[in-house]
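Q: Take a look at final.pdb, PDB, C-alpha atoms:
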```
ATOM      1  CA  MET A 291     117.362  89.744  80.698
ATOM      2  CA  ARG A 292     113.646  89.776  80.040
ATOM      3  CA  MET A 293     113.038  88.234  83.457
ATOM      4  CA  ASN A 294     115.113  90.959  85.139
ATOM      5  CA  PHE A 295     113.129  93.601  83.326
ATOM      6  CA  SER A 296     109.886  92.028  84.487
ATOM      7  CA  PHE A 297     111.020  92.083  88.093
ATOM      8  CA  LEU A 298     112.101  95.711  87.703
ATOM      9  CA  VAL A 299     108.661  96.638  86.376
ATOM     10  CA  LEU A 300     106.974  94.802  89.240
ATOM     11  CA  PHE A 301     109.222  96.391  91.832
ATOM     12  CA  LEU A 302     108.599  99.896  90.520
ATOM     13  CA  ALA A 303     104.868  99.303  90.290
ATOM     14  CA  PHE A 304     104.570  98.141  93.893
ATOM     15  CA  SER A 305     107.079 100.504  95.466
ATOM     16  CA  GLY A 306     105.375 103.551  93.957
ATOM     17  CA  LEU A 307     102.185 102.862  95.859
ATOM     18  CA  GLY A 308     103.596 103.838  99.225
ATOM     19  CA  LEU A 309     105.677 106.836  98.280
ATOM     20  CA  GLY A 310     102.899 109.373  98.561
ATOM     21  CA  VAL A 311     101.814 108.189 101.976
ATOM     22  CA  GLY A 312     105.327 108.094 103.379
ATOM     23  CA  PHE A 313     106.474 111.611 102.626
ATOM     24  CA  ALA A 314     103.261 113.633 102.404
ATOM     25  CA  GLY A 315     101.565 115.652 105.055
ATOM     26  CA  GLU A 316     104.329 117.420 106.981
ATOM     27  CA  LYS A 317     103.051 120.837 105.984
ATOM     28  CA  VAL A 318      99.694 122.135 104.935
ATOM     29  CA  TRP A 319      99.158 125.166 102.755
ATOM     30  CA  VAL A 320      96.091 127.224 103.651
ATOM     31  CA  GLY A 321      94.783 129.852 101.291
ATOM     32  CA  LEU A 322      91.720 132.020 100.910
ATOM     33  CA  TYR A 323      90.450 132.501  97.382
ATOM     34  CA  LEU A 324      87.845 134.942  96.153
ATOM     35  CA  ALA A 325      85.847 133.319  93.368
ATOM     36  CA  GLU A 326      84.370 135.760  90.879
ATOM     37  CA  ASN A 327      82.803 135.808  87.465
ATOM     38  CA  GLY A 328      83.742 139.385  86.713
ATOM     39  CA  PRO A 329      87.154 140.372  85.410
ATOM     40  CA  PRO A 330      89.793 140.192  88.167
ATOM     41  CA  PRO A 331      91.943 143.214  89.075
ATOM     42  CA  PRO A 332      95.024 143.555  86.875
ATOM     43  CA  ASN A 333      97.431 142.821  89.719
ATOM     44  CA  ALA A 334      95.397 139.941  91.129
ATOM     45  CA  MET A 335      97.211 136.726  91.983
ATOM     46  CA  LEU A 336      95.098 134.096  90.273
ATOM     47  CA  ALA A 337      95.041 130.398  91.077
ATOM     48  CA  PRO A 338      97.465 128.281  89.033
ATOM     49  CA  GLU A 339      95.934 126.302  86.208
ATOM     50  CA  PRO A 340      95.595 122.889  87.964
ATOM     51  CA  MET A 341      94.015 124.513  91.009
ATOM     52  CA  HIS A 342      91.799 126.702  88.839
ATOM     53  CA  ARG A 343      90.516 123.628  86.996
ATOM     54  CA  ARG A 344      89.690 121.845  90.242
ATOM     55  CA  LEU A 345      88.005 124.850  91.800
ATOM     56  CA  HIS A 346      86.017 125.438  88.636
ATOM     57  CA  GLU A 347      84.794 121.826  88.699
ATOM     58  CA  VAL A 348      83.309 122.351  92.152
ATOM     59  CA  PHE A 349      82.256 126.005  92.295
ATOM     60  CA  GLY A 350      81.924 127.003  88.658
ATOM     61  CA  PHE A 351      83.281 130.546  88.878
ATOM     62  CA  LYS A 352      85.465 132.010  86.146
ATOM     63  CA  HIS A 353      88.298 133.431  88.246
ATOM     64  CA  TYR A 354      89.874 132.556  91.584
ATOM     65  CA  GLU A 355      91.913 135.305  93.152
ATOM     66  CA  LEU A 356      94.222 134.410  95.988
ATOM     67  CA  ILE A 357      93.582 136.800  98.861
ATOM     68  CA  GLN A 358      96.107 135.442 101.328
ATOM     69  CA  ALA A 359      97.987 132.215 102.016
ATOM     70  CA  GLN A 360      99.933 130.680 104.828
ATOM     71  CA  GLU A 361     101.916 127.485 105.309
ATOM     72  CA  MET A 362     101.485 125.575 108.538
ATOM     73  CA  GLU A 363     103.898 123.091 110.030
ATOM     74  CA  LEU A 364     101.974 119.980 111.017
ATOM     75  CA  ARG A 365     104.624 118.777 113.422
ATOM     76  CA  ASN A 366     103.666 121.722 115.609
ATOM     77  CA  GLU A 367     100.824 119.989 117.375
ATOM     78  CA  TRP A 368      99.112 123.050 118.703
ATOM     79  CA  GLU A 369      96.420 125.326 117.368
ATOM     80  CA  GLN A 370      97.310 127.669 114.539
ATOM     81  CA  TRP A 371      95.128 130.405 113.155
ATOM     82  CA  PHE A 372      94.765 131.713 109.635
ATOM     83  CA  LEU A 373      93.039 135.090 109.591
ATOM     84  CA  PRO A 374      92.918 136.505 106.084
ATOM     85  CA  ARG A 375      89.844 138.539 107.062
ATOM     86  CA  LYS A 376      88.434 139.712 110.347
ATOM     87  CA  ASP A 377      85.033 138.226 109.617
ATOM     88  CA  PHE A 378      86.052 134.855 108.191
ATOM     89  CA  PHE A 379      88.918 132.754 109.458
ATOM     90  CA  ILE A 380      89.956 129.217 110.304
ATOM     91  CA  ARG A 381      91.608 127.496 113.204
ATOM     92  CA  VAL A 382      93.785 124.463 112.494
ATOM     93  CA  GLU A 383      95.230 122.077 115.037
ATOM     94  CA  PRO A 384      97.331 119.088 113.967
ATOM     95  CA  LEU A 385      96.386 116.093 116.061
ATOM     96  CA  ARG A 386      98.982 113.865 117.647
ATOM     97  CA  ARG A 387     100.089 111.328 115.093
ATOM     98  CA  GLN A 388      99.706 107.732 116.142
ATOM     99  CA  PRO A 389     102.345 105.249 114.921
ATOM    100  CA  GLY A 390     101.296 103.817 111.591
ATOM    101  CA  GLU A 391      98.363 106.183 111.307
ATOM    102  CA  PRO A 392      98.024 109.128 108.918
ATOM    103  CA  ARG A 393      98.315 112.675 110.133
ATOM    104  CA  LEU A 394      94.946 114.249 110.975
ATOM    105  CA  ILE A 395      94.173 117.865 111.581
ATOM    106  CA  ASP A 396      91.286 119.391 113.422
ATOM    107  CA  TYR A 397      89.787 122.489 111.838
ATOM    108  CA  GLU A 398      87.171 125.038 112.836
ATOM    109  CA  ILE A 399      85.545 127.662 110.618
ATOM    110  CA  TYR A 400      84.595 131.010 112.123
ATOM    111  CA  GLN A 401      82.453 133.825 110.801
ATOM    112  CA  ASN A 402      82.085 137.101 112.680
ATOM    113  CA  GLY A 403      83.761 135.514 115.649
ATOM    114  CA  PHE A 404      81.361 132.615 115.981
ATOM    115  CA  ILE A 405      82.164 129.062 115.126
ATOM    116  CA  LEU A 406      80.192 127.742 112.158
ATOM    117  CA  ALA A 407      81.494 124.240 111.687
ATOM    118  CA  LYS A 408      84.278 121.946 112.702
ATOM    119  CA  GLY A 409      85.721 118.748 111.376
ATOM    120  CA  ILE A 410      88.734 116.571 110.791
ATOM    121  CA  TYR A 411      90.808 116.502 107.642
ATOM    122  CA  GLU A 412      93.505 114.087 106.544
ATOM    123  CA  PRO A 413      95.946 115.977 104.309
ATOM    124  CA  ARG A 414      96.967 113.886 101.334
ATOM    125  CA  GLU A 415      99.221 114.762  98.467
ATOM    126  CA  GLY A 416      97.073 115.590  95.461
ATOM    127  CA  THR A 417      93.762 115.773  97.349
ATOM    128  CA  PRO A 418      93.138 119.328  98.543
ATOM    129  CA  LEU A 419      90.267 120.345 100.763
ATOM    130  CA  PHE A 420      87.900 123.067  99.533
ATOM    131  CA  ILE A 421      85.714 124.799 102.105
ATOM    132  CA  ASN A 422      82.799 126.722 100.712
ATOM    133  CA  GLY A 423      82.659 130.109 102.422
ATOM    134  CA  PRO A 424      80.190 132.995 102.443
ATOM    135  CA  ASP A 425      79.223 135.036  99.424
ATOM    136  CA  PHE A 426      81.137 138.289  99.064
ATOM    137  CA  HIS A 427      79.885 140.950  96.644
ATOM    138  CA  GLN A 428      79.278 139.019  93.416
ATOM    139  CA  GLY A 429      81.668 136.217  94.343
ATOM    140  CA  ARG A 430      82.392 133.786  97.099
ATOM    141  CA  LEU A 431      85.160 133.164  99.617
ATOM    142  CA  ILE A 432      86.744 129.721  99.529
ATOM    143  CA  PHE A 433      89.294 128.188 101.871
ATOM    144  CA  VAL A 434      91.759 125.736 100.332
ATOM    145  CA  LEU A 435      93.896 123.373 102.382
ATOM    146  CA  GLU A 436      96.552 121.403 100.571
ATOM    147  CA  ALA A 437      99.246 119.007 101.791
ATOM    148  CA  ARG A 438     102.791 120.096 100.958
TER     149      ARG A 438
ATOM    150  CA  MET B  22      74.589  47.187  60.116
ATOM    151  CA  TYR B  23      73.791  50.753  59.261
ATOM    152  CA  ASP B  24      76.280  53.581  59.737
ATOM    153  CA  ARG B  25      74.071  55.177  62.309
ATOM    154  CA  GLU B  26      74.090  52.086  64.455
ATOM    155  CA  LEU B  27      77.829  51.677  63.997
ATOM    156  CA  LYS B  28      78.414  55.269  65.131
ATOM    157  CA  LYS B  29      76.193  54.761  68.152
ATOM    158  CA  LEU B  30      78.072  51.625  69.067
ATOM    159  CA  LEU B  31      81.412  53.357  68.698
ATOM    160  CA  LEU B  32      80.289  56.278  70.887
ATOM    161  CA  GLU B  33      79.185  53.876  73.603
ATOM    162  CA  THR B  34      82.358  51.817  73.558
ATOM    163  CA  CYS B  35      84.926  54.492  72.714
ATOM    164  CA  PRO B  36      83.569  57.923  73.663
ATOM    165  CA  VAL B  37      85.331  60.874  72.010
ATOM    166  CA  ARG B  38      86.978  63.108  74.550
ATOM    167  CA  PRO B  39      86.566  66.861  74.333
ATOM    168  CA  GLY B  40      89.049  68.375  71.904
ATOM    169  CA  GLN B  41      90.129  64.994  70.590
ATOM    170  CA  GLU B  42      88.706  65.580  67.154
ATOM    171  CA  SER B  43      90.294  69.000  66.784
ATOM    172  CA  ARG B  44      93.662  67.702  67.959
ATOM    173  CA  ALA B  45      93.441  64.771  65.565
ATOM    174  CA  TRP B  46      92.495  67.065  62.713
ATOM    175  CA  SER B  47      95.333  69.399  63.557
ATOM    176  CA  ALA B  48      97.854  66.550  63.562
ATOM    177  CA  LEU B  49      96.428  65.137  60.329
ATOM    178  CA  ARG B  50      96.490  68.548  58.697
ATOM    179  CA  GLU B  51     100.103  69.010  59.745
ATOM    180  CA  GLN B  52     101.059  65.746  58.080
ATOM    181  CA  LEU B  53      98.912  66.194  55.012
ATOM    182  CA  TYR B  54      99.749  69.763  54.090
ATOM    183  CA  GLN B  55     103.029  70.244  55.956
ATOM    184  CA  ALA B  56     101.303  73.138  57.669
ATOM    185  CA  LYS B  57     102.489  74.469  60.967
ATOM    186  CA  PRO B  58     100.009  74.383  63.803
ATOM    187  CA  THR B  59      98.042  77.617  63.749
ATOM    188  CA  ARG B  60      98.267  79.772  66.846
ATOM    189  CA  SER B  61      96.420  82.995  67.365
ATOM    190  CA  GLY B  62      98.128  86.192  68.445
ATOM    191  CA  TRP B  63      96.828  85.722  71.967
ATOM    192  CA  SER B  64      97.858  82.095  72.313
ATOM    193  CA  TRP B  65     100.712  83.053  74.660
ATOM    194  CA  LEU B  66      98.040  83.788  77.243
ATOM    195  CA  TYR B  67      97.123  80.096  77.457
ATOM    196  CA  TYR B  68     100.609  78.608  77.599
ATOM    197  CA  PRO B  69     102.949  79.147  80.550
ATOM    198  CA  SER B  70     105.763  81.494  79.545
ATOM    199  CA  TRP B  71     107.926  84.216  81.063
ATOM    200  CA  ARG B  72     106.146  86.724  78.905
ATOM    201  CA  GLY B  73     102.793  85.735  80.286
ATOM    202  CA  LEU B  74     104.135  85.821  83.839
ATOM    203  CA  ALA B  75     105.534  89.328  83.405
ATOM    204  CA  VAL B  76     102.314  90.620  81.873
ATOM    205  CA  ALA B  77     100.282  89.022  84.654
ATOM    206  CA  GLY B  78     102.505  90.634  87.273
ATOM    207  CA  VAL B  79     102.198  94.089  85.769
ATOM    208  CA  ALA B  80      98.441  93.667  85.405
ATOM    209  CA  LEU B  81      98.212  92.608  89.034
ATOM    210  CA  ALA B  82     100.194  95.644  90.125
ATOM    211  CA  LEU B  83      98.151  98.069  88.054
ATOM    212  CA  ALA B  84      94.765  96.580  88.870
ATOM    213  CA  PRO B  85      94.277  98.380  92.230
ATOM    214  CA  ILE B  86      95.334 101.697  90.716
ATOM    215  CA  VAL B  87      93.001 101.352  87.757
ATOM    216  CA  TYR B  88      90.152 100.164  89.973
ATOM    217  CA  ASP B  89      90.682 103.029  92.367
ATOM    218  CA  SER B  90      90.702 105.605  89.599
ATOM    219  CA  LEU B  91      87.549 104.190  88.040
ATOM    220  CA  PHE B  92      85.402 103.020  90.928
ATOM    221  CA  GLY B  93      87.243 103.746  94.124
ATOM    222  CA  GLN B  94      85.715 106.150  96.580
ATOM    223  CA  PRO B  95      88.516 107.346  98.819
ATOM    224  CA  VAL B  96      88.291 106.754 102.494
ATOM    225  CA  ALA B  97      86.683 109.770 104.091
ATOM    226  CA  LEU B  98      89.431 112.385 104.176
ATOM    227  CA  ALA B  99      87.339 115.069 105.797
ATOM    228  CA  THR B 100      84.373 115.412 108.078
ATOM    229  CA  ALA B 101      82.217 118.446 108.763
ATOM    230  CA  ASP B 102      79.847 119.081 111.647
ATOM    231  CA  SER B 103      77.726 122.166 112.040
ATOM    232  CA  GLN B 104      78.304 124.074 115.257
ATOM    233  CA  SER B 105      75.787 126.849 114.791
ATOM    234  CA  PRO B 106      72.007 126.896 114.378
ATOM    235  CA  GLY B 107      70.984 127.426 110.773
ATOM    236  CA  ILE B 108      74.312 126.253 109.433
ATOM    237  CA  TYR B 109      74.365 123.021 107.480
ATOM    238  CA  ALA B 110      77.708 121.367 106.890
ATOM    239  CA  THR B 111      78.474 118.395 104.723
ATOM    240  CA  ALA B 112      81.674 116.847 103.382
ATOM    241  CA  PHE B 113      82.034 114.909 100.165
ATOM    242  CA  TYR B 114      84.614 113.905  97.609
ATOM    243  CA  SER B 115      84.461 115.445  94.160
ATOM    244  CA  ARG B 116      85.695 112.883  91.674
ATOM    245  CA  SER B 117      85.912 115.352  88.794
ATOM    246  CA  ALA B 118      87.950 117.818  90.838
ATOM    247  CA  GLN B 119      89.791 115.088  92.751
ATOM    248  CA  ALA B 120      89.320 117.120  95.884
ATOM    249  CA  GLN B 121      87.567 116.858  99.200
ATOM    250  CA  VAL B 122      84.861 119.475  99.627
ATOM    251  CA  VAL B 123      83.254 120.849 102.769
ATOM    252  CA  TRP B 124      80.038 122.624 101.887
ATOM    253  CA  LEU B 125      78.527 125.086 104.349
ATOM    254  CA  ASN B 126      75.043 126.473 103.853
ATOM    255  CA  GLY B 127      73.217 129.187 105.727
ATOM    256  CA  MET B 128      76.062 131.671 106.142
ATOM    257  CA  GLU B 129      75.584 135.419 106.165
ATOM    258  CA  PRO B 130      77.237 137.111 103.182
ATOM    259  CA  ALA B 131      80.583 138.659 104.025
ATOM    260  CA  THR B 132      80.750 142.444 103.896
ATOM    261  CA  ASP B 133      83.293 145.206 104.172
ATOM    262  CA  LYS B 134      81.683 146.532 107.327
ATOM    263  CA  PRO B 135      83.759 146.562 110.511
ATOM    264  CA  THR B 136      83.472 143.505 112.678
ATOM    265  CA  PHE B 137      83.592 143.159 116.420
ATOM    266  CA  LEU B 138      87.352 142.767 116.079
ATOM    267  CA  ASP B 139      87.644 146.411 115.084
ATOM    268  CA  PRO B 140      88.161 148.827 117.980
ATOM    269  CA  THR B 141      84.808 150.241 118.942
ATOM    270  CA  THR B 142      85.375 151.304 122.548
ATOM    271  CA  VAL B 143      86.947 154.640 121.659
ATOM    272  CA  VAL B 144      84.310 157.313 121.287
ATOM    273  CA  SER B 145      85.496 160.420 119.533
ATOM    274  CA  ARG B 146      84.448 163.854 120.742
ATOM    275  CA  THR B 147      82.713 164.620 117.511
ATOM    276  CA  THR B 148      80.380 161.690 117.918
ATOM    277  CA  ALA B 149      79.621 162.366 121.586
ATOM    278  CA  ALA B 150      76.054 163.334 122.340
ATOM    279  CA  PRO B 151      75.650 167.099 122.563
ATOM    280  CA  ARG B 152      75.007 168.436 126.007
ATOM    281  CA  PRO B 153      71.597 169.982 126.488
ATOM    282  CA  SER B 154      71.691 173.675 126.602
ATOM    283  CA  GLY B 155      70.355 175.525 129.589
ATOM    284  CA  ASP B 156      70.822 174.238 133.096
ATOM    285  CA  PRO B 157      74.185 172.453 133.226
ATOM    286  CA  ASN B 158      73.020 170.233 136.015
ATOM    287  CA  SER B 159      69.968 168.986 134.346
ATOM    288  CA  LEU B 160      69.951 165.397 133.216
TER     289      LEU B 160
END
```
Now that the file is in, can you turn its structure into structure tokens?
A:
Amino acid sequence: MRMNFSFLVLFLAFSGLGLGVGFAGEKVWVGLYLAENGPPPPNAMLAPEPMHRRLHEVFGFKHYELIQAQEMELRNEWEQWFLPRKDFFIRVEPLRRQPGEPRLIDYEIYQNGFILAKGIYEPREGTPLFINGPDFHQGRLIFVLEAR
Amino acid sequence: MYDRELKKLLLETCPVRPGQESRAWSALREQLYQAKPTRSGWSWLYYPSWRGLAVAGVALALAPIVYDSLFGQPVALATADSQSPGIYATAFYSRSAQAQVVWLNGMEPATDKPTFLDPTTVVSRTTAAPRPSGDPNSL
């Protein structure tokens, strides 16, 4: 009986390692937050507590108001745009997934219609991507990409 | 013959193996005092047992997870390359936030002013330049 229990513990320990990789990364959630230190508007949609804690660790603002969000299907391997503002937006293009390789997405950041930066991101469950945007009034705009 | 010489002779002819004295004392103590051999609480680590095997297996399974959480730097999940002069882009992993961060420097602050995406080609009559008075044909 004790031996069976030991094998069960070992099996669970090893099998859990691959679960996150196997099922993660079919969708990516893209949101634009406005980070501020002043009091947010009463009807503002604030970041949930886990996200707030992570954003606060990096950017240090008191409040993170969600301006707009969109969910993108990564199996659609063509470019998709997220335009929460006319002057600051992002282009996302899921790259073709190679067998046995993780899903990668190509992203480009635009401000006032001009490309600022580009890069590649591998969406992973539990590891969001924060993109530091321009200052806005007393706060700052922040893109968040998160695997769903 | 002195004791010292006798001991030296014994050591040369019959060397004491490591642990022999302690094992002999343990056996003698068991017979003298009817005492059970003393084993520490961690002695199961040194003797092969199912318990030790199970603990070793679990430790082996958890070792990569613990190592990764303590020392592991994740494989680069994001890259960032500047595409505009004056813009500096870098990507790094924040361990405290457990998030990948792309940091852009050199951006203009965002404003509420209209951008080039707003329609600007329509010119209203009120904003049209007033015609010069006098000769209507003059430029």
Q: Have a look at B:Gly40, B:Pro106, B:Pro130, B:Pro69 and name the one nearest to chain A; count all atoms listed in the file.
A: B:Pro130
Q: Listing only residues of chain A within 6 Å of chain B, what is the closest atom pair and its distance in Å (to one decimal) for each, using only C-alpha atoms, sorted by chain and residue number ascending, as JSON lines?
A:
```
{"residue": "A:Ser296", "atom": "CA", "partner": "B:Ala75", "partner_atom": "CA", "distance": 5.2}
{"residue": "A:Leu300", "atom": "CA", "partner": "B:Val79", "partner_atom": "CA", "distance": 5.9}
{"residue": "A:Ala303", "atom": "CA", "partner": "B:Ala82", "partner_atom": "CA", "distance": 5.9}
{"residue": "A:Arg344", "atom": "CA", "partner": "B:Ala118", "partner_atom": "CA", "distance": 4.4}
{"residue": "A:Glu347", "atom": "CA", "partner": "B:Ala118", "partner_atom": "CA", "distance": 5.5}
{"residue": "A:Leu406", "atom": "CA", "partner": "B:Gln104", "partner_atom": "CA", "distance": 5.2}
{"residue": "A:Ala407", "atom": "CA", "partner": "B:Ser103", "partner_atom": "CA", "distance": 4.3}
{"residue": "A:Lys408", "atom": "CA", "partner": "B:Asp102", "partner_atom": "CA", "distance": 5.4}
{"residue": "A:Gly409", "atom": "CA", "partner": "B:Ala101", "partner_atom": "CA", "distance": 4.4}
{"residue": "A:Ile410", "atom": "CA", "partner": "B:Thr100", "partner_atom": "CA", "distance": 5.3}
{"residue": "A:Tyr411", "atom": "CA", "partner": "B:Ala99", "partner_atom": "CA", "distance": 4.2}
{"residue": "A:Glu412", "atom": "CA", "partner": "B:Leu98", "partner_atom": "CA", "distance": 5.0}
{"residue": "A:Thr417", "atom": "CA", "partner": "B:Ala120", "partner_atom": "CA", "distance": 4.9}
{"residue": "A:Pro418", "atom": "CA", "partner": "B:Ala120", "partner_atom": "CA", "distance": 5.2}
{"residue": "A:Leu419", "atom": "CA", "partner": "B:Gln121", "partner_atom": "CA", "distance": 4.7}
{"residue": "A:Phe420", "atom": "CA", "partner": "B:Val122", "partner_atom": "CA", "distance": 4.7}
{"residue": "A:Ile421", "atom": "CA", "partner": "B:Val123", "partner_atom": "CA", "distance": 4.7}
{"residue": "A:Asn422", "atom": "CA", "partner": "B:Trp124", "partner_atom": "CA", "distance": 5.1}
{"residue": "A:Pro424", "atom": "CA", "partner": "B:Pro130", "partner_atom": "CA", "distance": 5.1}
{"residue": "A:Asp425", "atom": "CA", "partner": "B:Pro130", "partner_atom": "CA", "distance": 4.7}
{"residue": "A:Phe426", "atom": "CA", "partner": "B:Ala131", "partner_atom": "CA", "distance": 5.0}
```
Q: For the atom pair CA of Pro413 in chain A and CA of Asn366 in chain A, what is the interatomic distance in Å to one decimal place?
A: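 Computing it gives 14.8 Å between the two atoms.
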Q: Dig up all the protein and nucleic acid residues within 12 Å of (81.0, 129.1, 87.1) in the file frame, using only C-alpha atoms, and format them as a PDB file with C-alpha atoms, keeping the file's coordinate frame.
A:
```
ATOM      1  CA  ALA A 325      85.847 133.319  93.368  1.00  0.00           C
ATOM      2  CA  GLU A 326      84.370 135.760  90.879  1.00  0.00           C
ATOM      3  CA  ASN A 327      82.803 135.808  87.465  1.00  0.00           C
ATOM      4  CA  GLY A 328      83.742 139.385  86.713  1.00  0.00           C
ATOM      5  CA  HIS A 342      91.799 126.702  88.839  1.00  0.00           C
ATOM      6  CA  ARG A 343      90.516 123.628  86.996  1.00  0.00           C
ATOM      7  CA  ARG A 344      89.690 121.845  90.242  1.00  0.00           C
ATOM      8  CA  LEU A 345      88.005 124.850  91.800  1.00  0.00           C
ATOM      9  CA  HIS A 346      86.017 125.438  88.636  1.00  0.00           C
ATOM     10  CA  GLU A 347      84.794 121.826  88.699  1.00  0.00           C
ATOM     11  CA  VAL A 348      83.309 122.351  92.152  1.00  0.00           C
ATOM     12  CA  PHE A 349      82.256 126.005  92.295  1.00  0.00           C
ATOM     13  CA  GLY A 350      81.924 127.003  88.658  1.00  0.00           C
ATOM     14  CA  PHE A 351      83.281 130.546  88.878  1.00  0.00           C
ATOM     15  CA  LYS A 352      85.465 132.010  86.146  1.00  0.00           C
ATOM     16  CA  HIS A 353      88.298 133.431  88.246  1.00  0.00           C
ATOM     17  CA  TYR A 354      89.874 132.556  91.584  1.00  0.00           C
ATOM     18  CA  GLN A 428      79.278 139.019  93.416  1.00  0.00           C
ATOM     19  CA  GLY A 429      81.668 136.217  94.343  1.00  0.00           C
ATOM     20  CA  ARG A 430      82.392 133.786  97.099  1.00  0.00           C
TER      21      ARG A 430
END
```
Q: Going by the chain IDs and residue numbers used in this file, which residues fall under the PyMOL selection byres ((chain A and resi 375) around 10)? Write them as a PDB file with C-alpha atoms, in the coordinates of the input.
A:
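Wrote it out as out35.pdb, contents follow:
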```
ATOM      1  CA  LEU A 322      91.720 132.020 100.910  1.00  0.00           C
ATOM      2  CA  ILE A 357      93.582 136.800  98.861  1.00  0.00           C
ATOM      3  CA  GLN A 358      96.107 135.442 101.328  1.00  0.00           C
ATOM      4  CA  PHE A 372      94.765 131.713 109.635  1.00  0.00           C
ATOM      5  CA  LEU A 373      93.039 135.090 109.591  1.00  0.00           C
ATOM      6  CA  PRO A 374      92.918 136.505 106.084  1.00  0.00           C
ATOM      7  CA  LYS A 376      88.434 139.712 110.347  1.00  0.00           C
ATOM      8  CA  ASP A 377      85.033 138.226 109.617  1.00  0.00           C
ATOM      9  CA  PHE A 378      86.052 134.855 108.191  1.00  0.00           C
ATOM     10  CA  PHE A 379      88.918 132.754 109.458  1.00  0.00           C
ATOM     11  CA  ILE A 380      89.956 129.217 110.304  1.00  0.00           C
ATOM     12  CA  GLN A 401      82.453 133.825 110.801  1.00  0.00           C
ATOM     13  CA  ASN A 402      82.085 137.101 112.680  1.00  0.00           C
TER      14      ASN A 402
ATOM     15  CA  ALA B 131      80.583 138.659 104.025  1.00  0.00           C
ATOM     16  CA  ASP B 133      83.293 145.206 104.172  1.00  0.00           C
ATOM     17  CA  THR B 136      83.472 143.505 112.678  1.00  0.00           C
TER      18      THR B 136
END
```
Q: Quote the spacing between CA of Ile395 in chain A and CA of Glu369 in chain A in Å to one decimal place.
A: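 One can read the CA of Ile395 in chain A to CA of Glu369 in chain A distance as 9.7 Å.
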Q: Quick one: distance from CA of Ala334 in chain A to CA of Leu356 in chain A in Å, one decimal?
A: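 Atom-to-atom, CA of Ala334 in chain A and CA of Leu356 in chain A are spaced 7.5 Å apart.
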Q: Show me, as lines of an AutoDock Vina configuration file, the centre and edge lengths in Å to one decimal of the axis-aligned box that covers every listed atom of range 413-417 of chain A with 6 Å on each side.
A:
```
center_x = 96.5
center_y = 114.9
center_z = 99.9
size_x = 17.5
size_y = 14.1
size_z = 20.8
```
Q: Quick one: which residues end up in the PyMOL selection byres ((chain A and resi 436) around 7) for this structure, as a PyMOL selection string?
A: chain A and resi 318-320+413+418-419+434-435+437-438
Q: Report the residues retrieved by the PyMOL selection byres ((chain A and resi 362) around 7) from the displayed file, expressed as a PDB file with C-alpha atoms, in the coordinates of the input.
A:
```pdb
ATOM      1  CA  LYS A 317     103.051 120.837 105.984  1.00  0.00           C
ATOM      2  CA  VAL A 318      99.694 122.135 104.935  1.00  0.00           C
ATOM      3  CA  TRP A 319      99.158 125.166 102.755  1.00  0.00           C
ATOM      4  CA  GLN A 360      99.933 130.680 104.828  1.00  0.00           C
ATOM      5  CA  GLU A 361     101.916 127.485 105.309  1.00  0.00           C
ATOM      6  CA  GLU A 363     103.898 123.091 110.030  1.00  0.00           C
ATOM      7  CA  LEU A 364     101.974 119.980 111.017  1.00  0.00           C
TER       8      LEU A 364
END
```
